[in-house]
file start.txt (compact mmCIF, C-alpha atoms and all ligand atoms)
# COMPACT_ATOMS: atom_id res chain seq x y z
CA MET A 1 236.29 117.35 8.65
CA ILE A 2 233.46 118.02 6.21
CA PHE A 3 229.98 117.03 7.44
CA THR A 4 228.15 115.68 4.41
CA GLN A 5 224.90 115.69 6.37
CA LEU A 6 225.18 119.44 6.80
CA ILE A 7 225.55 119.86 3.03
CA GLN A 8 222.49 117.74 2.39
CA THR A 9 220.20 119.35 4.96
CA ASN A 10 220.86 122.71 3.32
CA LEU A 11 220.04 121.59 -0.21
CA ARG A 12 216.83 122.74 -1.85
CA THR A 13 217.29 120.70 -5.01
CA LYS A 14 215.34 118.06 -6.86
CA GLU A 15 218.22 116.29 -8.58
CA LEU A 16 221.66 117.65 -7.67
CA GLY A 17 223.57 116.70 -4.54
CA LYS A 18 221.50 113.73 -3.46
CA ASN A 19 224.68 111.69 -3.31
CA VAL A 20 227.80 113.08 -1.62
CA GLU A 21 231.07 111.12 -1.81
CA TYR A 22 233.43 112.30 0.93
CA TYR A 23 237.12 111.38 1.14
CA ASN A 24 239.54 112.32 3.94
CA ARG A 25 242.28 112.66 1.40
CA LEU A 26 242.23 112.69 -2.38
CA GLU A 27 244.56 113.58 -5.21
CA SER A 28 241.95 115.53 -7.20
CA THR A 29 238.17 115.62 -6.82
CA ASN A 30 237.84 116.16 -10.60
CA ASN A 31 239.85 113.01 -11.35
CA GLU A 32 237.85 111.00 -8.82
CA ALA A 33 234.61 112.39 -10.28
CA TRP A 34 235.66 111.23 -13.78
CA GLU A 35 236.30 107.75 -12.38
CA LEU A 36 232.85 107.73 -10.84
CA THR A 37 231.27 108.68 -14.16
CA GLU A 38 232.21 105.18 -15.37
CA GLU A 39 229.38 104.01 -13.12
CA GLU A 40 225.74 104.67 -13.92
CA LYS A 41 223.40 107.10 -12.17
CA GLN A 42 226.05 109.58 -11.07
CA HIS A 43 224.20 112.69 -12.30
CA GLY A 44 224.32 115.25 -9.48
CA THR A 45 226.92 113.43 -7.35
CA ILE A 46 229.23 115.69 -5.33
CA VAL A 47 232.81 114.54 -4.73
CA ILE A 48 234.46 116.36 -1.84
CA THR A 49 237.62 116.02 0.24
CA ASP A 50 239.16 117.77 3.23
CA ASN A 51 242.66 117.28 1.86
CA GLN A 52 243.23 117.51 -1.87
CA PHE A 53 246.96 116.97 -2.36
CA ASN A 54 247.39 117.23 -6.14
CA GLY A 55 244.59 119.50 -7.32
CA LYS A 56 244.40 120.50 -10.97
CA GLY A 57 243.97 124.05 -12.20
CA ARG A 58 243.28 125.25 -15.72
CA LYS A 59 245.92 124.92 -18.43
CA ASN A 60 247.96 122.31 -16.56
CA ASN A 61 248.42 124.52 -13.52
CA SER A 62 248.14 123.03 -10.05
CA TRP A 63 245.67 124.12 -7.39
CA ASN A 64 246.77 124.23 -3.76
CA MET A 65 244.22 123.64 -1.05
CA VAL A 66 245.03 124.19 2.63
CA ALA A 67 243.89 120.90 4.20
CA GLY A 68 240.98 121.20 6.62
CA LYS A 69 240.46 124.88 5.78
CA GLY A 70 239.90 125.32 2.05
CA LEU A 71 237.21 123.84 -0.18
CA ALA A 72 237.76 121.40 -3.04
CA PHE A 73 234.78 119.67 -4.56
CA SER A 74 233.38 118.53 -7.90
CA LEU A 75 229.89 118.12 -9.27
CA ILE A 76 229.06 115.48 -11.88
CA LEU A 77 226.54 116.30 -14.60
CA ASP A 78 225.59 113.22 -16.58
CA LYS A 79 222.49 114.07 -18.52
CA LYS A 80 221.67 114.71 -22.17
CA TYR A 81 222.32 118.42 -22.52
CA PRO A 82 222.62 120.28 -25.85
CA ASN A 83 226.27 121.00 -26.84
CA ILE A 84 225.82 124.72 -26.31
CA TYR A 85 225.39 124.01 -22.58
CA SER A 86 229.07 123.22 -22.25
CA GLY A 87 230.16 126.88 -22.33
CA LEU A 88 227.06 128.10 -20.52
CA ILE A 89 227.42 125.62 -17.65
CA SER A 90 230.96 126.81 -17.11
CA LEU A 91 229.71 130.41 -16.85
CA GLY A 92 226.86 129.26 -14.61
CA ALA A 93 229.36 127.67 -12.24
CA GLY A 94 231.09 131.04 -11.85
CA ILE A 95 227.80 132.72 -11.03
CA ALA A 96 226.98 129.93 -8.56
CA VAL A 97 230.26 130.54 -6.69
CA VAL A 98 229.64 134.31 -6.62
CA GLU A 99 226.13 133.74 -5.26
CA SER A 100 227.20 131.21 -2.64
CA LEU A 101 229.97 133.44 -1.28
CA LYS A 102 227.65 136.45 -1.29
CA LYS A 103 225.31 134.49 1.01
CA ARG A 104 228.26 134.26 3.42
CA GLY A 105 228.87 138.01 3.16
CA VAL A 106 231.81 137.91 0.76
CA GLU A 107 231.38 139.96 -2.45
CA THR A 108 233.35 138.59 -5.40
CA LYS A 109 233.82 139.26 -9.13
CA LEU A 110 234.52 136.98 -12.09
CA LYS A 111 237.54 137.03 -14.35
CA TRP A 112 237.16 135.19 -17.63
CA PRO A 113 237.02 132.26 -18.00
CA ASN A 114 236.29 131.45 -14.40
CA ASP A 115 238.48 132.91 -11.72
CA ILE A 116 236.83 134.29 -8.60
CA PHE A 117 238.31 137.56 -7.41
CA VAL A 118 238.04 139.93 -4.43
CA ASN A 119 239.78 143.29 -4.78
CA ASP A 120 242.02 142.09 -7.60
CA LYS A 121 243.10 139.00 -5.66
CA LYS A 122 242.09 135.44 -6.51
CA ILE A 123 239.95 133.69 -3.89
CA GLY A 124 238.80 130.73 -5.97
CA GLY A 125 238.86 128.96 -9.29
CA ILE A 126 236.75 126.59 -11.35
CA LEU A 127 237.86 123.78 -13.60
CA CYS A 128 234.95 122.73 -15.78
CA GLU A 129 235.74 119.66 -17.89
CA SER A 130 233.50 118.30 -20.66
CA LYS A 131 233.52 114.97 -22.44
CA ILE A 132 232.31 115.22 -26.02
CA ILE A 133 231.86 111.97 -27.94
CA LYS A 134 230.95 111.96 -31.65
CA ASN A 135 230.23 115.69 -31.45
CA LYS A 136 227.75 115.25 -28.61
CA LEU A 137 228.22 116.61 -25.11
CA LYS A 138 228.19 113.55 -22.86
CA LYS A 139 229.36 114.40 -19.37
CA ILE A 140 230.58 117.40 -17.43
CA VAL A 141 232.61 117.64 -14.23
CA ILE A 142 232.62 121.03 -12.51
CA GLY A 143 235.50 121.37 -10.03
CA VAL A 144 235.48 124.21 -7.54
CA GLY A 145 238.35 125.36 -5.33
CA ILE A 146 237.90 128.16 -2.78
CA ASN A 147 240.29 129.58 -0.19
CA VAL A 148 238.09 129.68 2.89
CA ASN A 149 239.31 129.56 6.49
CA GLU A 150 243.07 129.82 6.13
CA THR A 151 245.13 132.98 6.45
CA ILE A 152 247.19 134.05 3.47
CA PHE A 153 250.33 132.94 5.34
CA GLU A 154 249.26 129.32 4.97
CA HIS A 155 249.83 129.67 1.22
CA SER A 156 253.29 129.82 -0.30
CA GLU A 157 254.97 133.20 -0.10
CA ASP A 158 255.13 133.85 -3.84
CA LEU A 159 251.31 133.89 -3.91
CA HIS A 160 250.77 136.39 -1.08
CA ASP A 161 250.29 139.35 -3.43
CA SER A 162 247.93 137.61 -5.82
CA LEU A 163 245.74 135.43 -3.54
CA THR A 164 243.25 136.02 -0.77
CA THR A 165 240.93 133.91 1.41
CA MET A 166 237.43 134.34 2.83
CA TYR A 167 238.94 134.54 6.30
CA GLU A 168 241.23 137.39 5.24
CA VAL A 169 238.33 139.28 3.68
CA SER A 170 235.77 138.87 6.47
CA ASN A 171 237.92 138.28 9.56
CA HIS A 172 235.99 135.23 10.67
CA ALA A 173 235.67 131.55 9.82
CA HIS A 174 232.94 130.18 7.55
CA GLN A 175 230.98 126.93 7.57
CA ARG A 176 232.29 125.31 4.40
CA GLU A 177 229.34 122.92 4.00
CA LEU A 178 226.93 125.87 3.59
CA ILE A 179 229.00 127.22 0.71
CA VAL A 180 228.83 123.86 -1.07
CA ALA A 181 225.06 123.55 -0.52
CA GLU A 182 224.39 127.05 -1.83
CA PHE A 183 226.58 126.43 -4.88
CA ILE A 184 224.57 123.29 -5.70
CA ASN A 185 221.24 125.11 -5.13
CA SER A 186 222.33 127.89 -7.47
CA MET A 187 223.59 125.44 -10.11
CA GLU A 188 220.29 123.59 -10.22
CA ARG A 189 218.36 126.86 -10.47
CA GLN A 190 220.51 127.94 -13.40
CA LEU A 191 220.29 124.64 -15.25
CA TYR A 192 216.53 124.99 -15.08
CA TYR A 193 216.60 128.55 -16.47
CA PHE A 194 219.00 127.62 -19.30
CA SER A 195 216.19 125.97 -21.22
CA ILE A 196 213.87 128.96 -20.78
CA ASN A 197 216.18 131.95 -21.02
CA PRO A 198 219.84 131.19 -21.89
CA GLU A 199 220.64 134.90 -22.43
CA GLN A 200 220.05 135.47 -18.73
CA ILE A 201 223.17 133.52 -17.82
CA ILE A 202 225.28 135.67 -20.16
CA ASN A 203 223.84 138.86 -18.63
CA ASP A 204 224.31 137.60 -15.07
CA TRP A 205 227.91 136.69 -15.80
CA LEU A 206 228.67 140.06 -17.38
CA ASN A 207 227.04 141.86 -14.45
CA ASN A 208 229.54 140.16 -12.16
CA CYS A 209 232.52 140.57 -14.48
CA LEU A 210 235.66 142.29 -13.23
CA HIS A 211 236.92 143.51 -16.59
CA LEU A 212 234.17 144.36 -19.09
CA ASN A 213 235.73 146.61 -21.81
CA LYS A 214 239.14 146.38 -20.15
CA ILE A 215 242.36 144.76 -21.34
CA ILE A 216 242.83 141.20 -20.14
CA SER A 217 245.45 138.57 -20.78
CA PHE A 218 245.02 134.80 -20.70
CA TYR A 219 246.71 131.65 -21.99
CA GLU A 220 245.47 129.94 -25.13
CA ASN A 221 247.32 127.04 -26.78
CA GLY A 222 250.53 127.90 -24.97
CA LYS A 223 250.42 131.58 -25.93
CA THR A 224 249.50 134.65 -23.91
CA ILE A 225 246.67 136.54 -25.57
CA GLU A 226 246.12 140.17 -24.65
CA GLY A 227 243.15 142.21 -25.80
CA VAL A 228 240.03 144.07 -24.75
CA PHE A 229 237.31 141.86 -23.29
CA CYS A 230 234.16 143.12 -25.01
CA GLY A 231 231.58 140.60 -23.85
CA LEU A 232 230.32 137.06 -24.45
CA ASP A 233 228.66 135.54 -27.51
CA ASP A 234 225.58 133.26 -27.46
CA ASN A 235 227.75 130.19 -26.79
CA GLY A 236 229.30 131.81 -23.76
CA PHE A 237 232.61 132.35 -25.58
CA ALA A 238 234.64 135.48 -24.79
CA LYS A 239 234.74 138.21 -27.44
CA ILE A 240 238.22 139.69 -27.41
CA ASN A 241 239.24 142.71 -29.45
CA LEU A 242 242.78 142.19 -30.73
CA ASN A 243 243.97 145.17 -32.74
CA GLU A 244 240.45 146.06 -33.93
CA GLN A 245 239.65 142.45 -34.86
CA VAL A 246 237.15 140.70 -32.58
CA LYS A 247 237.83 136.99 -32.00
CA SER A 248 235.90 134.44 -29.93
CA TYR A 249 237.60 132.26 -27.33
CA SER A 250 236.05 129.19 -25.74
CA SER A 251 236.43 128.38 -22.06
CA ILE A 252 235.72 124.69 -22.61
CA ASN A 253 238.26 122.15 -21.34
CA LEU A 254 237.88 118.86 -23.15
CA ILE A 255 238.63 115.54 -21.48
C1 LIG B 301 241.98 127.38 -11.72
O1 LIG B 301 241.84 128.45 -11.15
O2 LIG B 301 242.93 127.17 -12.50
C2 LIG B 301 240.97 126.30 -11.46
C3 LIG B 301 241.15 125.67 -10.11
C4 LIG B 301 240.18 124.55 -9.87
C5 LIG B 301 240.51 123.77 -8.61
C6 LIG B 301 239.43 122.78 -8.25
S1 LIG B 301 239.62 122.17 -6.61
C7 LIG B 301 238.42 120.96 -6.88
C8 LIG B 301 238.61 120.45 -8.30
N1 LIG B 301 239.54 119.34 -8.33
C9 LIG B 301 240.67 119.66 -8.99
O3 LIG B 301 241.66 118.91 -9.15
N2 LIG B 301 240.60 120.92 -9.44
C10 LIG B 301 239.32 121.53 -9.11
call {"tool": "encode", "arguments": {"input": "start.txt", "output": "structure tokens"}}
result
Amino acid sequence: MIFTQLIQTNLRTKELGKNVEYYNRLESTNNEAWELTEEEKQHGTIVITDNQFNGKGRKNNSWNMVAGKGLAFSLILDKKYPNIYSGLISLGAGIAVVESLKKRGVETKLKWPNDIFVNDKKIGGILCESKIIKNKLKKIVIGVGINVNETIFEHSEDLHDSLTTMYEVSNHAHQRELIVAEFINSMERQLYYFSINPEQIINDWLNNCLHLNKIISFYENGKTIEGVFCGLDDNGFAKINLNEQVKSYSSINLI
């Protein structure tokens, strides 16, 4: 059970998280969030479930949550933001997860575009989806999945070498609602700073990056790309050195 009241009493925000939509069971919080965006005044709404049974990952992957123990939630942003925010918000979400887990004593690193790692094992992921209409950024749904209170043995065996959980790392259970609240607090802080100092988000992300100047591989249009990750450009796109030619790659998932 997720206590929505506990999320809300730990918020220190002006606009995000005022409305929390809780479901006992849900296919995907991102899909539900997109349905909610059909209604007005959904900016800042959190969609959360204790049992997400068909979660989506990036690039058509699935995301498995252990019911009652993991975290799966989405945040709706429905405000007029400049287009450049699309990539930056996605990076900001990664920083917000790192900060919220750090508050719970779990140190994590980011792998581009937005995987959350502890000691080379994945502990969480973010699926940030943007709707762009007539070249204008309209709405964003940020979906966050974190392995929290389960042991690794509650995940399928083929993932045991590549995944970890907060419980495995810290040897005790965590109050999931506090993680959500801190994520939302951090997100609002960052959205505020975007307008003043957008470079800060790039620097913060790189400071928490697992692989600066190292070789990484990722999927792009059905192909595996391998190259040296040499930083981020002003749009928040990855700069990858492929055989001495630097190319930019976007992390934006369009809806
Ligand atoms: C990835 O690592 O590929 C991203 C995983 C994102 C999973 C979260 S769980 C909450 C939200 N709802 C979804 O269907 N997916 C995201």
call {"tool": "residues_around", "arguments": {"input": "start.txt", "residues": "stretch 205-208 of chain A", "least_positions_apart": "5", "cutoff": "9 Å", "atoms": "only C-alpha atoms", "output": "PyMOL selection string"}}
result
chain A and resi 91-92+94-95+98+108-111+200+231-232
call {"tool": "write_last_selection", "arguments": {"input": "start.txt", "atoms": "C-alpha atoms", "output": "CSV table (one decimal), keeping the file's coordinate frame"}}
result
chain,number,residue,atom,x,y,z
A,91,LEU,CA,229.7,130.4,-16.8
A,92,GLY,CA,226.9,129.3,-14.6
A,94,GLY,CA,231.1,131.0,-11.8
A,95,ILE,CA,227.8,132.7,-11.0
A,98,VAL,CA,229.6,134.3,-6.6
A,108,THR,CA,233.4,138.6,-5.4
A,109,LYS,CA,233.8,139.3,-9.1
A,110,LEU,CA,234.5,137.0,-12.1
A,111,LYS,CA,237.5,137.0,-14.4
A,200,GLN,CA,220.0,135.5,-18.7
A,231,GLY,CA,231.6,140.6,-23.8
A,232,LEU,CA,230.3,137.1,-24.4
call {"tool": "residues_around", "arguments": {"input": "start.txt", "residues": "A:Asp161", "least_positions_apart": "5", "cutoff": "12 Å", "atoms": "all atoms listed in the file", "output": "list in words"}}
result
Asn119, Asp120, Lys121, Lys122, Ile123, Ile152, Phe153, His155 and Ser156 of chain A
call {"tool": "closest_residue", "arguments": {"input": "start.txt", "among": "A:Gly124, A:Pro113, A:Gly87, A:Gly145", "to": "A:Gln52", "atoms": "all atoms listed in the file"}}
result
A:Gly145
call {"tool": "residues_around", "arguments": {"input": "start.txt", "residues": "A:Leu6", "least_positions_apart": "2", "cutoff": "10 Å", "atoms": "all atoms listed in the file", "output": "NGL selection string"}}
result
:A and (2-4 or 8-11 or 175-178 or 180-181)
call {"tool": "write_last_selection", "arguments": {"input": "start.txt", "atoms": "C-alpha atoms", "output": "short mmCIF file (atom, residue, chain, number, x, y, z; two decimals), in the coordinates of the input"}}
result
data_model
loop_
_atom_site.label_atom_id
_atom_site.label_comp_id
_atom_site.auth_asym_id
_atom_site.auth_seq_id
_atom_site.Cartn_x
_atom_site.Cartn_y
_atom_site.Cartn_z
CA ILE A 2 233.46 118.02 6.21
CA PHE A 3 229.98 117.03 7.44
CA THR A 4 228.15 115.68 4.41
CA GLN A 8 222.49 117.74 2.39
CA THR A 9 220.20 119.35 4.96
CA ASN A 10 220.86 122.71 3.32
CA LEU A 11 220.04 121.59 -0.21
CA GLN A 175 230.98 126.93 7.57
CA ARG A 176 232.29 125.31 4.40
CA GLU A 177 229.34 122.92 4.00
CA LEU A 178 226.93 125.87 3.59
CA VAL A 180 228.83 123.86 -1.07
CA ALA A 181 225.06 123.55 -0.52
#
call {"tool": "closest_atom_pairs", "arguments": {"input": "start.txt", "of": "chain A", "to": "ligand LIG 301 (chain B)", "cutoff": "6 Å", "atoms": "only C-alpha atoms and all ligand atoms", "output": "JSON lines"}}
result
{"residue": "A:Ser28", "atom": "CA", "partner": "B:LIG301", "partner_atom": "O3", "distance": 3.9}
{"residue": "A:Thr29", "atom": "CA", "partner": "B:LIG301", "partner_atom": "N1", "distance": 4.2}
{"residue": "A:Asn30", "atom": "CA", "partner": "B:LIG301", "partner_atom": "N1", "distance": 4.3}
{"residue": "A:Gly55", "atom": "CA", "partner": "B:LIG301", "partner_atom": "O3", "distance": 3.5}
{"residue": "A:Lys56", "atom": "CA", "partner": "B:LIG301", "partner_atom": "O3", "distance": 3.7}
{"residue": "A:Gly57", "atom": "CA", "partner": "B:LIG301", "partner_atom": "O2", "distance": 3.3}
{"residue": "A:Arg58", "atom": "CA", "partner": "B:LIG301", "partner_atom": "O2", "distance": 3.8}
{"residue": "A:Trp63", "atom": "CA", "partner": "B:LIG301", "partner_atom": "C5", "distance": 5.3}
{"residue": "A:Ala72", "atom": "CA", "partner": "B:LIG301", "partner_atom": "C7", "distance": 3.9}
{"residue": "A:Phe73", "atom": "CA", "partner": "B:LIG301", "partner_atom": "C7", "distance": 4.5}
{"residue": "A:Ser74", "atom": "CA", "partner": "B:LIG301", "partner_atom": "C8", "distance": 5.6}
{"residue": "A:Asp115", "atom": "CA", "partner": "B:LIG301", "partner_atom": "O1", "distance": 5.6}
{"residue": "A:Gly125", "atom": "CA", "partner": "B:LIG301", "partner_atom": "O1", "distance": 3.5}
{"residue": "A:Ile126", "atom": "CA", "partner": "B:LIG301", "partner_atom": "C2", "distance": 4.2}
{"residue": "A:Leu127", "atom": "CA", "partner": "B:LIG301", "partner_atom": "C4", "distance": 4.5}
{"residue": "A:Gly143", "atom": "CA", "partner": "B:LIG301", "partner_atom": "C8", "distance": 3.7}
{"residue": "A:Val144", "atom": "CA", "partner": "B:LIG301", "partner_atom": "C6", "distance": 4.3}
{"residue": "A:Gly145", "atom": "CA", "partner": "B:LIG301", "partner_atom": "S1", "distance": 3.7}
call {"tool": "write_last_selection", "arguments": {"input": "start.txt", "atoms": "C-alpha atoms", "output": "compact mmCIF listing (two decimals), in the frame of the given file"}}
result
# COMPACT_ATOMS: atom_id res chain seq x y z
CA SER A 28 241.95 115.53 -7.20
CA THR A 29 238.17 115.62 -6.82
CA ASN A 30 237.84 116.16 -10.60
CA GLY A 55 244.59 119.50 -7.32
CA LYS A 56 244.40 120.50 -10.97
CA GLY A 57 243.97 124.05 -12.20
CA ARG A 58 243.28 125.25 -15.72
CA TRP A 63 245.67 124.12 -7.39
CA ALA A 72 237.76 121.40 -3.04
CA PHE A 73 234.78 119.67 -4.56
CA SER A 74 233.38 118.53 -7.90
CA ASP A 115 238.48 132.91 -11.72
CA GLY A 125 238.86 128.96 -9.29
CA ILE A 126 236.75 126.59 -11.35
CA LEU A 127 237.86 123.78 -13.60
CA GLY A 143 235.50 121.37 -10.03
CA VAL A 144 235.48 124.21 -7.54
CA GLY A 145 238.35 125.36 -5.33
call {"tool": "residues_around", "arguments": {"input": "start.txt", "residues": "A:Lys69", "least_positions_apart": "3", "cutoff": "10 Å", "atoms": "all atoms listed in the file", "output": "MDAnalysis selection string"}}
result
chainID A and resid 1:2 50:51 65:66 72 146:151 154 167 173:176
call {"tool": "residues_around", "arguments": {"input": "start.txt", "residues": "A:Ala33", "least_positions_apart": "3", "cutoff": "10 Å", "atoms": "all atoms listed in the file", "output": "ChimeraX atom specification"}}
result
/A:21,28-30,36-38,42,45-48,73-77,140-143
call {"tool": "closest_residue", "arguments": {"input": "start.txt", "among": "A:Ile133, A:Ile84, A:Leu26, A:Ile179", "to": "A:Ser100", "atoms": "only C-alpha atoms"}}
result
A:Ile179
call {"tool": "decode", "arguments": {"input": "start.txt", "residues": "stretch 218-228 of chain A", "atoms": "all heavy atoms", "output": "PDB file, in the first residue's frame"}}
result
ATOM      1  N   PHE A 218      24.578   2.042 -26.697  1.00  0.00           N
ATOM      2  CA  PHE A 218      23.142   2.249 -26.489  1.00  0.00           C
ATOM      3  C   PHE A 218      22.422   1.994 -27.805  1.00  0.00           C
ATOM      4  O   PHE A 218      23.042   1.930 -28.867  1.00  0.00           O
ATOM      5  CB  PHE A 218      22.867   3.669 -25.969  1.00  0.00           C
ATOM      6  CG  PHE A 218      23.388   4.765 -26.857  1.00  0.00           C
ATOM      7  CD1 PHE A 218      22.589   5.356 -27.810  1.00  0.00           C
ATOM      8  CD2 PHE A 218      24.712   5.189 -26.741  1.00  0.00           C
ATOM      9  CE1 PHE A 218      23.091   6.348 -28.644  1.00  0.00           C
ATOM     10  CE2 PHE A 218      25.221   6.181 -27.570  1.00  0.00           C
ATOM     11  CZ  PHE A 218      24.394   6.765 -28.526  1.00  0.00           C
ATOM     12  N   TYR A 219      21.098   1.839 -27.727  1.00  0.00           N
ATOM     13  CA  TYR A 219      20.306   1.565 -28.930  1.00  0.00           C
ATOM     14  C   TYR A 219      19.767   2.851 -29.525  1.00  0.00           C
ATOM     15  O   TYR A 219      19.288   3.719 -28.796  1.00  0.00           O
ATOM     16  CB  TYR A 219      19.131   0.639 -28.605  1.00  0.00           C
ATOM     17  CG  TYR A 219      19.572  -0.748 -28.284  1.00  0.00           C
ATOM     18  CD1 TYR A 219      19.590  -1.187 -26.967  1.00  0.00           C
ATOM     19  CD2 TYR A 219      19.985  -1.608 -29.289  1.00  0.00           C
ATOM     20  CE1 TYR A 219      20.023  -2.461 -26.656  1.00  0.00           C
ATOM     21  CE2 TYR A 219      20.415  -2.884 -28.987  1.00  0.00           C
ATOM     22  CZ  TYR A 219      20.432  -3.308 -27.668  1.00  0.00           C
ATOM     23  OH  TYR A 219      20.861  -4.558 -27.373  1.00  0.00           O
ATOM     24  N   GLU A 220      19.855   2.973 -30.827  1.00  0.00           N
ATOM     25  CA  GLU A 220      19.327   4.157 -31.518  1.00  0.00           C
ATOM     26  C   GLU A 220      18.774   3.658 -32.850  1.00  0.00           C
ATOM     27  O   GLU A 220      19.511   3.080 -33.642  1.00  0.00           O
ATOM     28  CB  GLU A 220      20.475   5.172 -31.705  1.00  0.00           C
ATOM     29  CG  GLU A 220      20.089   6.441 -32.401  1.00  0.00           C
ATOM     30  CD  GLU A 220      19.303   7.396 -31.501  1.00  0.00           C
ATOM     31  OE1 GLU A 220      19.320   7.262 -30.259  1.00  0.00           O
ATOM     32  OE2 GLU A 220      18.648   8.272 -32.061  1.00  0.00           O
ATOM     33  N   ASN A 221      17.479   3.890 -33.066  1.00  0.00           N
ATOM     34  CA  ASN A 221      16.815   3.442 -34.299  1.00  0.00           C
ATOM     35  C   ASN A 221      17.137   1.987 -34.635  1.00  0.00           C
ATOM     36  O   ASN A 221      17.510   1.669 -35.769  1.00  0.00           O
ATOM     37  CB  ASN A 221      17.201   4.333 -35.491  1.00  0.00           C
ATOM     38  CG  ASN A 221      16.708   5.745 -35.294  1.00  0.00           C
ATOM     39  OD1 ASN A 221      15.685   5.949 -34.640  1.00  0.00           O
ATOM     40  ND2 ASN A 221      17.430   6.714 -35.820  1.00  0.00           N
ATOM     41  N   GLY A 222      17.028   1.132 -33.643  1.00  0.00           N
ATOM     42  CA  GLY A 222      17.215  -0.298 -33.878  1.00  0.00           C
ATOM     43  C   GLY A 222      18.660  -0.746 -34.008  1.00  0.00           C
ATOM     44  O   GLY A 222      18.923  -1.913 -34.248  1.00  0.00           O
ATOM     45  N   LYS A 223      19.600   0.206 -33.866  1.00  0.00           N
ATOM     46  CA  LYS A 223      21.022  -0.180 -33.999  1.00  0.00           C
ATOM     47  C   LYS A 223      21.751   0.048 -32.675  1.00  0.00           C
ATOM     48  O   LYS A 223      21.384   0.941 -31.912  1.00  0.00           O
ATOM     49  CB  LYS A 223      21.710   0.686 -35.062  1.00  0.00           C
ATOM     50  CG  LYS A 223      21.431   0.244 -36.476  1.00  0.00           C
ATOM     51  CD  LYS A 223      22.342   0.961 -37.462  1.00  0.00           C
ATOM     52  CE  LYS A 223      21.830   2.347 -37.758  1.00  0.00           C
ATOM     53  NZ  LYS A 223      22.577   3.156 -38.645  1.00  0.00           N
ATOM     54  N   THR A 224      22.784  -0.748 -32.426  1.00  0.00           N
ATOM     55  CA  THR A 224      23.607  -0.488 -31.252  1.00  0.00           C
ATOM     56  C   THR A 224      24.712   0.473 -31.645  1.00  0.00           C
ATOM     57  O   THR A 224      25.439   0.230 -32.610  1.00  0.00           O
ATOM     58  CB  THR A 224      24.243  -1.791 -30.729  1.00  0.00           C
ATOM     59  OG1 THR A 224      23.188  -2.702 -30.470  1.00  0.00           O
ATOM     60  CG2 THR A 224      25.016  -1.562 -29.442  1.00  0.00           C
ATOM     61  N   ILE A 225      24.806   1.574 -30.925  1.00  0.00           N
ATOM     62  CA  ILE A 225      25.854   2.559 -31.186  1.00  0.00           C
ATOM     63  C   ILE A 225      26.891   2.404 -30.081  1.00  0.00           C
ATOM     64  O   ILE A 225      26.523   2.319 -28.903  1.00  0.00           O
ATOM     65  CB  ILE A 225      25.298   4.004 -31.120  1.00  0.00           C
ATOM     66  CG1 ILE A 225      24.009   4.140 -31.929  1.00  0.00           C
ATOM     67  CG2 ILE A 225      26.363   5.028 -31.474  1.00  0.00           C
ATOM     68  CD1 ILE A 225      24.169   4.521 -33.346  1.00  0.00           C
ATOM     69  N   GLU A 226      28.159   2.392 -30.472  1.00  0.00           N
ATOM     70  CA  GLU A 226      29.208   2.308 -29.464  1.00  0.00           C
ATOM     71  C   GLU A 226      30.217   3.419 -29.722  1.00  0.00           C
ATOM     72  O   GLU A 226      30.660   3.605 -30.854  1.00  0.00           O
ATOM     73  CB  GLU A 226      29.897   0.951 -29.536  1.00  0.00           C
ATOM     74  CG  GLU A 226      30.629   0.646 -28.248  1.00  0.00           C
ATOM     75  CD  GLU A 226      31.220  -0.754 -28.252  1.00  0.00           C
ATOM     76  OE1 GLU A 226      32.200  -0.955 -28.983  1.00  0.00           O
ATOM     77  OE2 GLU A 226      30.699  -1.594 -27.520  1.00  0.00           O
ATOM     78  N   GLY A 227      30.528   4.180 -28.690  1.00  0.00           N
ATOM     79  CA  GLY A 227      31.493   5.262 -28.850  1.00  0.00           C
ATOM     80  C   GLY A 227      31.840   5.850 -27.497  1.00  0.00           C
ATOM     81  O   GLY A 227      31.323   5.411 -26.467  1.00  0.00           O
ATOM     82  N   VAL A 228      32.722   6.852 -27.531  1.00  0.00           N
ATOM     83  CA  VAL A 228      33.143   7.473 -26.264  1.00  0.00           C
ATOM     84  C   VAL A 228      32.168   8.595 -25.909  1.00  0.00           C
ATOM     85  O   VAL A 228      31.910   9.489 -26.728  1.00  0.00           O
ATOM     86  CB  VAL A 228      34.579   8.031 -26.378  1.00  0.00           C
ATOM     87  CG1 VAL A 228      34.985   8.736 -25.087  1.00  0.00           C
ATOM     88  CG2 VAL A 228      35.544   6.913 -26.701  1.00  0.00           C
TER      89      VAL A 228
END
